[in-house]
file input_8.pdb (PDB, C-alpha atoms and all ligand atoms)
ATOM      1  CA  MET A 168      -1.618  10.653 -27.627  1.00  0.00           C
ATOM      2  CA  GLU A 169      -4.291  12.373 -29.649  1.00  0.00           C
ATOM      3  CA  GLY A 170      -7.879  11.419 -28.950  1.00  0.00           C
ATOM      4  CA  GLN A 171      -7.115   9.846 -25.599  1.00  0.00           C
ATOM      5  CA  SER A 172      -8.828  11.059 -22.454  1.00  0.00           C
ATOM      6  CA  PRO A 173      -6.767  12.221 -19.457  1.00  0.00           C
ATOM      7  CA  VAL A 174      -7.746   9.005 -17.667  1.00  0.00           C
ATOM      8  CA  GLN A 175      -6.483   6.850 -20.541  1.00  0.00           C
ATOM      9  CA  LEU A 176      -3.212   8.752 -20.620  1.00  0.00           C
ATOM     10  CA  GLU A 177      -2.829   8.348 -16.872  1.00  0.00           C
ATOM     11  CA  VAL A 178      -3.530   4.611 -17.001  1.00  0.00           C
ATOM     12  CA  GLU A 179      -1.009   4.217 -19.825  1.00  0.00           C
ATOM     13  CA  ARG A 180       1.607   6.050 -17.796  1.00  0.00           C
ATOM     14  CA  LEU A 181       0.939   3.743 -14.831  1.00  0.00           C
ATOM     15  CA  ILE A 182       1.160   0.679 -17.060  1.00  0.00           C
ATOM     16  CA  ARG A 183       4.587   1.826 -18.216  1.00  0.00           C
ATOM     17  CA  VAL A 184       5.607   1.905 -14.530  1.00  0.00           C
ATOM     18  CA  HIS A 185       3.901  -1.248 -13.245  1.00  0.00           C
ATOM     19  CA  GLY A 186       3.563  -3.412 -16.346  1.00  0.00           C
ATOM     20  CA  ARG A 187       0.657  -4.651 -18.418  1.00  0.00           C
ATOM     21  CA  ASN A 188      -0.330  -7.712 -16.452  1.00  0.00           C
ATOM     22  CA  ARG A 189      -2.638  -8.875 -13.717  1.00  0.00           C
ATOM     23  CA  THR A 190      -0.153  -8.246 -10.890  1.00  0.00           C
ATOM     24  CA  ALA A 191      -0.133  -4.571 -11.865  1.00  0.00           C
ATOM     25  CA  LEU A 192      -3.842  -4.276 -11.030  1.00  0.00           C
ATOM     26  CA  MET A 193      -3.485  -3.406  -7.351  1.00  0.00           C
ATOM     27  CA  PRO A 194      -0.634  -0.883  -7.624  1.00  0.00           C
ATOM     28  CA  ILE A 195      -2.386   0.857 -10.523  1.00  0.00           C
ATOM     29  CA  LEU A 196      -5.692   1.056  -8.638  1.00  0.00           C
ATOM     30  CA  GLN A 197      -3.861   2.342  -5.554  1.00  0.00           C
ATOM     31  CA  GLU A 198      -2.128   5.094  -7.499  1.00  0.00           C
ATOM     32  CA  LEU A 199      -5.319   6.151  -9.256  1.00  0.00           C
ATOM     33  CA  ASN A 200      -7.179   6.173  -5.951  1.00  0.00           C
ATOM     34  CA  ARG A 201      -4.389   8.197  -4.307  1.00  0.00           C
ATOM     35  CA  ALA A 202      -4.414  10.770  -7.109  1.00  0.00           C
ATOM     36  CA  HIS A 203      -8.188  11.239  -7.287  1.00  0.00           C
ATOM     37  CA  SER A 204      -9.388  10.054  -3.860  1.00  0.00           C
ATOM     38  CA  TYR A 205     -11.536   7.456  -5.611  1.00  0.00           C
ATOM     39  CA  LEU A 206     -11.795   5.202  -8.667  1.00  0.00           C
ATOM     40  CA  SER A 207     -14.141   6.491 -11.334  1.00  0.00           C
ATOM     41  CA  GLU A 208     -16.145   4.199 -13.592  1.00  0.00           C
ATOM     42  CA  GLU A 209     -14.041   5.407 -16.519  1.00  0.00           C
ATOM     43  CA  ALA A 210     -10.789   4.644 -14.716  1.00  0.00           C
ATOM     44  CA  MET A 211     -11.910   1.121 -13.775  1.00  0.00           C
ATOM     45  CA  LEU A 212     -13.082   0.386 -17.333  1.00  0.00           C
ATOM     46  CA  CYS A 213      -9.836   1.640 -18.747  1.00  0.00           C
ATOM     47  CA  VAL A 214      -7.740  -0.467 -16.347  1.00  0.00           C
ATOM     48  CA  SER A 215      -9.881  -3.508 -17.149  1.00  0.00           C
ATOM     49  CA  LYS A 216      -9.413  -3.051 -20.883  1.00  0.00           C
ATOM     50  CA  GLU A 217      -5.701  -2.278 -20.783  1.00  0.00           C
ATOM     51  CA  LEU A 218      -4.765  -5.084 -18.396  1.00  0.00           C
ATOM     52  CA  GLY A 219      -7.177  -7.605 -19.871  1.00  0.00           C
ATOM     53  CA  VAL A 220      -8.725  -8.173 -16.430  1.00  0.00           C
ATOM     54  CA  PRO A 221     -12.542  -8.630 -16.380  1.00  0.00           C
ATOM     55  CA  ARG A 222     -14.526  -5.559 -15.304  1.00  0.00           C
ATOM     56  CA  ALA A 223     -16.165  -7.493 -12.488  1.00  0.00           C
ATOM     57  CA  GLU A 224     -12.765  -8.398 -11.077  1.00  0.00           C
ATOM     58  CA  VAL A 225     -11.528  -4.798 -11.159  1.00  0.00           C
ATOM     59  CA  TYR A 226     -14.745  -3.648  -9.473  1.00  0.00           C
ATOM     60  CA  GLY A 227     -14.477  -6.497  -6.971  1.00  0.00           C
ATOM     61  CA  VAL A 228     -10.971  -5.424  -5.931  1.00  0.00           C
ATOM     62  CA  ALA A 229     -11.991  -1.742  -5.827  1.00  0.00           C
ATOM     63  CA  THR A 230     -14.904  -2.459  -3.500  1.00  0.00           C
ATOM     64  CA  PHE A 231     -13.197  -5.078  -1.326  1.00  0.00           C
ATOM     65  CA  TYR A 232     -10.412  -2.963   0.116  1.00  0.00           C
ATOM     66  CA  SER A 233     -11.444  -0.135   2.419  1.00  0.00           C
ATOM     67  CA  PHE A 234      -8.575   2.069   1.303  1.00  0.00           C
ATOM     68  CA  LEU A 235     -10.005   2.081  -2.226  1.00  0.00           C
ATOM     69  CA  SER A 236     -13.276   3.791  -3.051  1.00  0.00           C
ATOM     70  CA  VAL A 237     -15.638   3.785  -6.000  1.00  0.00           C
ATOM     71  CA  ARG A 238     -17.433   6.850  -4.646  1.00  0.00           C
ATOM     72  CA  PRO A 239     -15.988  10.354  -4.839  1.00  0.00           C
ATOM     73  CA  ARG A 240     -14.327  11.319  -1.586  1.00  0.00           C
ATOM     74  CA  GLY A 241     -12.747  14.422  -0.199  1.00  0.00           C
ATOM     75  CA  ARG A 242      -9.209  15.630  -0.875  1.00  0.00           C
ATOM     76  CA  PHE A 243      -8.364  14.300   2.578  1.00  0.00           C
ATOM     77  CA  VAL A 244      -9.877  11.063   3.824  1.00  0.00           C
ATOM     78  CA  ILE A 245      -9.825  10.933   7.610  1.00  0.00           C
ATOM     79  CA  ARG A 246     -10.046   7.403   8.963  1.00  0.00           C
ATOM     80  CA  MET A 247     -10.730   7.137  12.651  1.00  0.00           C
ATOM     81  CA  CYS A 248      -9.711   3.911  14.353  1.00  0.00           C
ATOM     82  CA  ARG A 249     -12.788   2.456  16.007  1.00  0.00           C
ATOM     83  CA  SER A 250     -11.137  -0.716  17.309  1.00  0.00           C
ATOM     84  CA  ILE A 251     -11.311  -1.622  20.943  1.00  0.00           C
ATOM     85  CA  SER A 252      -7.913  -0.409  22.183  1.00  0.00           C
ATOM     86  CA  CYS A 253      -8.446   3.055  20.765  1.00  0.00           C
ATOM     87  CA  ALA A 254     -12.112   3.095  21.764  1.00  0.00           C
ATOM     88  CA  LYS A 255     -11.132   2.262  25.359  1.00  0.00           C
ATOM     89  CA  GLN A 256      -9.001   5.398  25.594  1.00  0.00           C
ATOM     90  CA  GLY A 257     -10.810   8.054  27.569  1.00  0.00           C
ATOM     91  CA  LYS A 258     -10.362  10.665  24.860  1.00  0.00           C
ATOM     92  CA  PHE A 259     -11.918   8.641  22.058  1.00  0.00           C
ATOM     93  CA  HIS A 260     -15.457  10.025  22.304  1.00  0.00           C
ATOM     94  CA  PRO A 261     -14.531  13.695  22.831  1.00  0.00           C
ATOM     95  CA  VAL A 262     -12.100  13.530  19.880  1.00  0.00           C
ATOM     96  CA  THR A 263     -14.716  11.897  17.645  1.00  0.00           C
ATOM     97  CA  ALA A 264     -17.329  14.472  18.652  1.00  0.00           C
ATOM     98  CA  ALA A 265     -14.897  17.356  18.047  1.00  0.00           C
ATOM     99  CA  LEU A 266     -14.045  16.021  14.585  1.00  0.00           C
ATOM    100  CA  MET A 267     -17.692  15.682  13.585  1.00  0.00           C
ATOM    101  CA  GLU A 268     -18.590  19.093  14.960  1.00  0.00           C
ATOM    102  CA  GLU A 269     -15.630  20.843  13.353  1.00  0.00           C
ATOM    103  CA  LEU A 270     -16.287  19.273   9.952  1.00  0.00           C
ATOM    104  CA  GLY A 271     -20.083  19.406  10.234  1.00  0.00           C
ATOM    105  CA  ILE A 272     -20.415  15.837   8.945  1.00  0.00           C
ATOM    106  CA  SER A 273     -20.898  12.313  10.241  1.00  0.00           C
ATOM    107  CA  PHE A 274     -18.958   9.181   9.397  1.00  0.00           C
ATOM    108  CA  GLY A 275     -19.374   8.181   5.766  1.00  0.00           C
ATOM    109  CA  GLU A 276     -19.906  11.780   4.669  1.00  0.00           C
ATOM    110  CA  THR A 277     -17.856  14.386   2.805  1.00  0.00           C
ATOM    111  CA  THR A 278     -17.765  18.099   3.583  1.00  0.00           C
ATOM    112  CA  PRO A 279     -19.645  20.238   1.023  1.00  0.00           C
ATOM    113  CA  ASP A 280     -16.378  21.883  -0.098  1.00  0.00           C
ATOM    114  CA  GLY A 281     -15.011  18.432  -1.015  1.00  0.00           C
ATOM    115  CA  LEU A 282     -12.098  18.780   1.362  1.00  0.00           C
ATOM    116  CA  PHE A 283     -12.683  16.068   3.982  1.00  0.00           C
ATOM    117  CA  THR A 284     -14.318  12.658   4.108  1.00  0.00           C
ATOM    118  CA  LEU A 285     -14.774  11.042   7.497  1.00  0.00           C
ATOM    119  CA  GLU A 286     -14.605   7.259   7.775  1.00  0.00           C
ATOM    120  CA  LYS A 287     -14.161   4.599  10.414  1.00  0.00           C
ATOM    121  CA  THR A 288     -11.447   2.026  10.127  1.00  0.00           C
ATOM    122  CA  ASN A 289     -10.147  -0.976  12.012  1.00  0.00           C
ATOM    123  CA  CYS A 290      -6.891  -1.160  13.943  1.00  0.00           C
ATOM    124  CA  MET A 291      -3.968   0.577  12.262  1.00  0.00           C
ATOM    125  CA  GLY A 292      -1.362  -0.925  14.581  1.00  0.00           C
ATOM    126  CA  MET A 293      -1.077   2.164  16.779  1.00  0.00           C
ATOM    127  CA  CYS A 294      -3.091   0.684  19.640  1.00  0.00           C
ATOM    128  CA  ASP A 295      -0.754   1.869  22.388  1.00  0.00           C
ATOM    129  CA  GLN A 296      -0.917   5.425  21.057  1.00  0.00           C
ATOM    130  CA  GLY A 297      -4.641   5.926  20.575  1.00  0.00           C
ATOM    131  CA  PRO A 298      -6.866   7.583  19.810  1.00  0.00           C
ATOM    132  CA  ALA A 299      -5.441   7.525  16.288  1.00  0.00           C
ATOM    133  CA  ILE A 300      -6.467   8.715  12.837  1.00  0.00           C
ATOM    134  CA  LEU A 301      -5.117   8.232   9.376  1.00  0.00           C
ATOM    135  CA  VAL A 302      -5.408  11.231   7.044  1.00  0.00           C
ATOM    136  CA  ASN A 303      -4.751   9.876   3.560  1.00  0.00           C
ATOM    137  CA  GLU A 304      -1.426   8.187   4.351  1.00  0.00           C
ATOM    138  CA  ASP A 305      -0.393  10.209   7.411  1.00  0.00           C
ATOM    139  CA  VAL A 306      -0.886   8.699  10.849  1.00  0.00           C
ATOM    140  CA  HIS A 307      -1.735  10.960  13.808  1.00  0.00           C
ATOM    141  CA  VAL A 308      -1.680   9.487  17.293  1.00  0.00           C
ATOM    142  CA  LYS A 309      -2.347  10.337  20.936  1.00  0.00           C
ATOM    143  CA  LEU A 310      -5.071  12.683  19.833  1.00  0.00           C
ATOM    144  CA  THR A 311      -6.753  15.207  22.048  1.00  0.00           C
ATOM    145  CA  VAL A 312      -9.573  17.579  21.131  1.00  0.00           C
ATOM    146  CA  ALA A 313      -7.037  20.410  20.751  1.00  0.00           C
ATOM    147  CA  SER A 314      -4.578  18.404  18.636  1.00  0.00           C
ATOM    148  CA  VAL A 315      -7.212  17.029  16.285  1.00  0.00           C
ATOM    149  CA  LEU A 316      -8.532  20.541  15.615  1.00  0.00           C
ATOM    150  CA  GLU A 317      -4.980  21.707  14.903  1.00  0.00           C
ATOM    151  CA  ILE A 318      -4.502  18.809  12.505  1.00  0.00           C
ATOM    152  CA  ILE A 319      -7.669  19.787  10.616  1.00  0.00           C
ATOM    153  CA  ASP A 320      -6.414  23.367  10.363  1.00  0.00           C
ATOM    154  CA  ASP A 321      -3.072  22.147   9.010  1.00  0.00           C
ATOM    155  CA  TYR A 322      -4.814  20.237   6.222  1.00  0.00           C
ATOM    156  CA  ARG A 323      -6.992  23.248   5.415  1.00  0.00           C
ATOM    157  CA  ARG A 324      -3.841  25.334   5.070  1.00  0.00           C
ATOM    158  CA  LYS A 325      -2.238  22.650   2.936  1.00  0.00           C
ATOM    159  CA  ALA A 326      -5.278  22.573   0.637  1.00  0.00           C
ATOM    160  CA  LYS A 327      -5.250  26.342   0.368  1.00  0.00           C
ATOM    161  CA  ALA A 328      -1.556  26.319  -0.537  1.00  0.00           C
ATOM    162  CA  GLU A 329      -2.356  23.736  -3.240  1.00  0.00           C
ATOM    163  CA  GLY A 330      -5.089  26.034  -4.569  1.00  0.00           C
ATOM    164  CA  PHE A 331      -7.734  23.399  -3.825  1.00  0.00           C
ATOM    165  CA  GLY A 332     -11.282  24.726  -4.359  1.00  0.00           C
ATOM    166  CA  LYS A 333     -11.325  28.495  -4.424  1.00  0.00           C
ATOM    167  CA  LYS A 334     -14.248  28.431  -1.995  1.00  0.00           C
ATOM    168  CA  ILE A 335     -12.135  27.383   1.003  1.00  0.00           C
ATOM    169  CA  ALA A 336     -12.379  30.176   3.537  1.00  0.00           C
TER
HETATM  170  S1  LIG B 401      -6.997  -0.160  18.220  1.00  0.00           S
HETATM  171 FE1  LIG B 401      -6.707   1.776  17.310  1.00  0.00          FE
HETATM  172  S2  LIG B 401      -4.814   1.589  16.294  1.00  0.00           S
HETATM  173 FE2  LIG B 401      -5.140  -0.360  17.132  1.00  0.00          FE
END

call {"tool": "encode", "arguments": {"input": "input_8.pdb", "output": "structure tokens"}}
result
Amino acid sequence: MEGQSPVQLEVERLIRVHGRNRTALMPILQELNRAHSYLSEEAMLCVSKELGVPRAEVYGVATFYSFLSVRPRGRFVIRMCRSISCAKQGKFHPVTAALMEELGISFGETTPDGLFTLEKTNCMGMCDQGPAILVNEDVHVKLTVASVLEIIDDYRRKAKAEGFGKKIA
């Protein structure tokens, strides 16, 4: 509709799918987060207004769940399991070090090209197959230094194919 921002149009489309009520809050936030890697202030305000849910409640949900973010993140969010079963695996530290070195960032940071964000997470239920990472919604298990570097390359290729950021080498 005329005069509406892209965010408003997107929220309206999601409301048509999930409904205009409180129970639609989580699925709408999840879809917005999936599409943009985070929830902008504008998106949260719009959801609050359209669903009639207080701003503080929308912000509370957005900041409570670790898979939602109110800060811009990379196209691919890499979550490394730091729980005990994975951490006990002998390869955990070399894999973590290789990831940080390859990306040139530490946990909680995003690469300057906006491609990857590195985060820690708790158990993902893959304890017998660690070390494990989640990249957006894809699980990768039984990681080695070589396999994790291959995985990073695959996502770089994927981003390039999508035309993400012309500055990707
Ligand atoms: S401890 Fe890592 S997936 Fe469970």

call {"tool": "resolve_selection", "arguments": {"input": "input_8.pdb", "expression": "the PyMOL selection byres (((chain A and resi 287-291) around 12) and not hetatm)", "output": "PyMOL selection string"}}
result
chain A and resi 232-234+244-254+263+273-276+284-286+292-302+304-308

call {"tool": "closest_residue", "arguments": {"input": "input_8.pdb", "among": "A:Arg324, A:Phe259, A:Glu217, A:Val312", "to": "ligand LIG 401 (chain B)", "atoms": "all atoms listed in the file"}}
result
A:Phe259

call {"tool": "closest_residue", "arguments": {"input": "input_8.pdb", "among": "A:Glu317, A:Thr277, A:Phe243, A:Arg222", "to": "Ala265 in chain A", "atoms": "all atoms listed in the file"}}
result
A:Glu317

call {"tool": "atom_distance", "arguments": {"input": "input_8.pdb", "atom1": "CA of Arg238 in chain A", "atom2": "CA of Leu206 in chain A"}}
result
7.1 Å

call {"tool": "closest_residue", "arguments": {"input": "input_8.pdb", "among": "A:Asn200, A:Asn303, A:Leu310, A:Ser215", "to": "ligand LIG 401 (chain B)", "atoms": "all atoms listed in the file"}}
result
A:Leu310

call {"tool": "closest_residue", "arguments": {"input": "input_8.pdb", "among": "A:Gly281, A:Gly330, A:Gly271, A:Pro221", "to": "Pro239 in chain A", "atoms": "all atoms listed in the file"}}
result
A:Gly281

call {"tool": "decode", "arguments": {"input": "input_8.pdb", "residues": "range 182-264 of chain A", "atoms": "C-alpha atoms", "output": "PDB file, in the first residue's frame"}}
result
ATOM      1  CA  ILE A 182      -0.012 -10.967   9.929  1.00  0.00           C
ATOM      2  CA  ARG A 183      -2.031 -12.316   7.013  1.00  0.00           C
ATOM      3  CA  VAL A 184      -0.172 -15.625   7.489  1.00  0.00           C
ATOM      4  CA  HIS A 185      -0.081 -15.858  11.289  1.00  0.00           C
ATOM      5  CA  GLY A 186      -3.045 -13.755  12.387  1.00  0.00           C
ATOM      6  CA  ARG A 187      -3.444 -10.481  14.229  1.00  0.00           C
ATOM      7  CA  ASN A 188      -3.261 -11.677  17.799  1.00  0.00           C
ATOM      8  CA  ARG A 189      -0.847 -12.221  20.635  1.00  0.00           C
ATOM      9  CA  THR A 190      -0.055 -15.838  19.712  1.00  0.00           C
ATOM     10  CA  ALA A 191       1.258 -14.589  16.370  1.00  0.00           C
ATOM     11  CA  LEU A 192       3.991 -12.595  18.130  1.00  0.00           C
ATOM     12  CA  MET A 193       6.630 -15.323  18.262  1.00  0.00           C
ATOM     13  CA  PRO A 194       6.229 -16.692  14.721  1.00  0.00           C
ATOM     14  CA  ILE A 195       6.246 -13.159  13.300  1.00  0.00           C
ATOM     15  CA  LEU A 196       9.383 -12.203  15.241  1.00  0.00           C
ATOM     16  CA  GLN A 197      11.050 -15.453  14.156  1.00  0.00           C
ATOM     17  CA  GLU A 198      10.306 -14.831  10.493  1.00  0.00           C
ATOM     18  CA  LEU A 199      11.488 -11.229  10.647  1.00  0.00           C
ATOM     19  CA  ASN A 200      14.653 -12.303  12.441  1.00  0.00           C
ATOM     20  CA  ARG A 201      15.255 -15.072   9.880  1.00  0.00           C
ATOM     21  CA  ALA A 202      14.829 -12.662   6.967  1.00  0.00           C
ATOM     22  CA  HIS A 203      17.037  -9.876   8.331  1.00  0.00           C
ATOM     23  CA  SER A 204      19.277 -11.675  10.848  1.00  0.00           C
ATOM     24  CA  TYR A 205      17.946  -9.360  13.550  1.00  0.00           C
ATOM     25  CA  LEU A 206      14.919  -7.357  14.697  1.00  0.00           C
ATOM     26  CA  SER A 207      15.173  -3.651  14.001  1.00  0.00           C
ATOM     27  CA  GLU A 208      13.600  -1.026  16.236  1.00  0.00           C
ATOM     28  CA  GLU A 209      11.199  -0.199  13.407  1.00  0.00           C
ATOM     29  CA  ALA A 210      10.169  -3.829  12.992  1.00  0.00           C
ATOM     30  CA  MET A 211       9.520  -4.276  16.725  1.00  0.00           C
ATOM     31  CA  LEU A 212       7.479  -1.055  16.903  1.00  0.00           C
ATOM     32  CA  CYS A 213       5.451  -2.080  13.913  1.00  0.00           C
ATOM     33  CA  VAL A 214       4.727  -5.550  15.336  1.00  0.00           C
ATOM     34  CA  SER A 215       3.770  -3.983  18.669  1.00  0.00           C
ATOM     35  CA  LYS A 216       1.347  -1.576  17.021  1.00  0.00           C
ATOM     36  CA  GLU A 217      -0.216  -4.073  14.631  1.00  0.00           C
ATOM     37  CA  LEU A 218      -0.682  -6.847  17.187  1.00  0.00           C
ATOM     38  CA  GLY A 219      -1.648  -4.534  20.028  1.00  0.00           C
ATOM     39  CA  VAL A 220       1.119  -6.009  22.201  1.00  0.00           C
ATOM     40  CA  PRO A 221       3.006  -3.499  24.420  1.00  0.00           C
ATOM     41  CA  ARG A 222       6.421  -2.430  23.112  1.00  0.00           C
ATOM     42  CA  ALA A 223       8.110  -3.609  26.292  1.00  0.00           C
ATOM     43  CA  GLU A 224       6.671  -7.084  25.814  1.00  0.00           C
ATOM     44  CA  VAL A 225       7.852  -7.315  22.202  1.00  0.00           C
ATOM     45  CA  TYR A 226      11.317  -6.132  23.253  1.00  0.00           C
ATOM     46  CA  GLY A 227      11.269  -8.537  26.196  1.00  0.00           C
ATOM     47  CA  VAL A 228      10.585 -11.513  23.917  1.00  0.00           C
ATOM     48  CA  ALA A 229      13.169 -10.318  21.367  1.00  0.00           C
ATOM     49  CA  THR A 230      15.889 -10.088  24.006  1.00  0.00           C
ATOM     50  CA  PHE A 231      14.961 -13.210  25.979  1.00  0.00           C
ATOM     51  CA  TYR A 232      15.486 -15.818  23.289  1.00  0.00           C
ATOM     52  CA  SER A 233      19.040 -16.311  22.070  1.00  0.00           C
ATOM     53  CA  PHE A 234      17.916 -17.142  18.551  1.00  0.00           C
ATOM     54  CA  LEU A 235      16.432 -13.649  18.240  1.00  0.00           C
ATOM     55  CA  SER A 236      18.605 -10.555  18.149  1.00  0.00           C
ATOM     56  CA  VAL A 237      17.997  -6.840  18.459  1.00  0.00           C
ATOM     57  CA  ARG A 238      21.485  -6.098  17.142  1.00  0.00           C
ATOM     58  CA  PRO A 239      22.429  -6.408  13.479  1.00  0.00           C
ATOM     59  CA  ARG A 240      24.128  -9.711  12.790  1.00  0.00           C
ATOM     60  CA  GLY A 241      25.804 -11.301   9.838  1.00  0.00           C
ATOM     61  CA  ARG A 242      24.067 -13.058   6.952  1.00  0.00           C
ATOM     62  CA  PHE A 243      25.123 -16.300   8.620  1.00  0.00           C
ATOM     63  CA  VAL A 244      25.037 -16.650  12.387  1.00  0.00           C
ATOM     64  CA  ILE A 245      27.380 -19.400  13.527  1.00  0.00           C
ATOM     65  CA  ARG A 246      26.499 -20.757  16.951  1.00  0.00           C
ATOM     66  CA  MET A 247      29.111 -22.953  18.530  1.00  0.00           C
ATOM     67  CA  CYS A 248      27.935 -25.362  21.204  1.00  0.00           C
ATOM     68  CA  ARG A 249      29.918 -24.655  24.349  1.00  0.00           C
ATOM     69  CA  SER A 250      28.165 -27.204  26.564  1.00  0.00           C
ATOM     70  CA  ILE A 251      30.123 -29.811  28.417  1.00  0.00           C
ATOM     71  CA  SER A 252      29.701 -32.835  26.129  1.00  0.00           C
ATOM     72  CA  CYS A 253      30.920 -30.923  23.102  1.00  0.00           C
ATOM     73  CA  ALA A 254      33.599 -29.116  25.101  1.00  0.00           C
ATOM     74  CA  LYS A 255      34.937 -32.474  26.330  1.00  0.00           C
ATOM     75  CA  GLN A 256      35.584 -33.616  22.765  1.00  0.00           C
ATOM     76  CA  GLY A 257      39.263 -33.370  21.969  1.00  0.00           C
ATOM     77  CA  LYS A 258      38.657 -31.345  18.824  1.00  0.00           C
ATOM     78  CA  PHE A 259      36.630 -28.599  20.471  1.00  0.00           C
ATOM     79  CA  HIS A 260      39.467 -26.133  21.079  1.00  0.00           C
ATOM     80  CA  PRO A 261      41.249 -26.574  17.727  1.00  0.00           C
ATOM     81  CA  VAL A 262      37.923 -26.167  15.879  1.00  0.00           C
ATOM     82  CA  THR A 263      37.051 -23.037  17.864  1.00  0.00           C
ATOM     83  CA  ALA A 264      40.504 -21.563  17.250  1.00  0.00           C
TER      84      ALA A 264
END
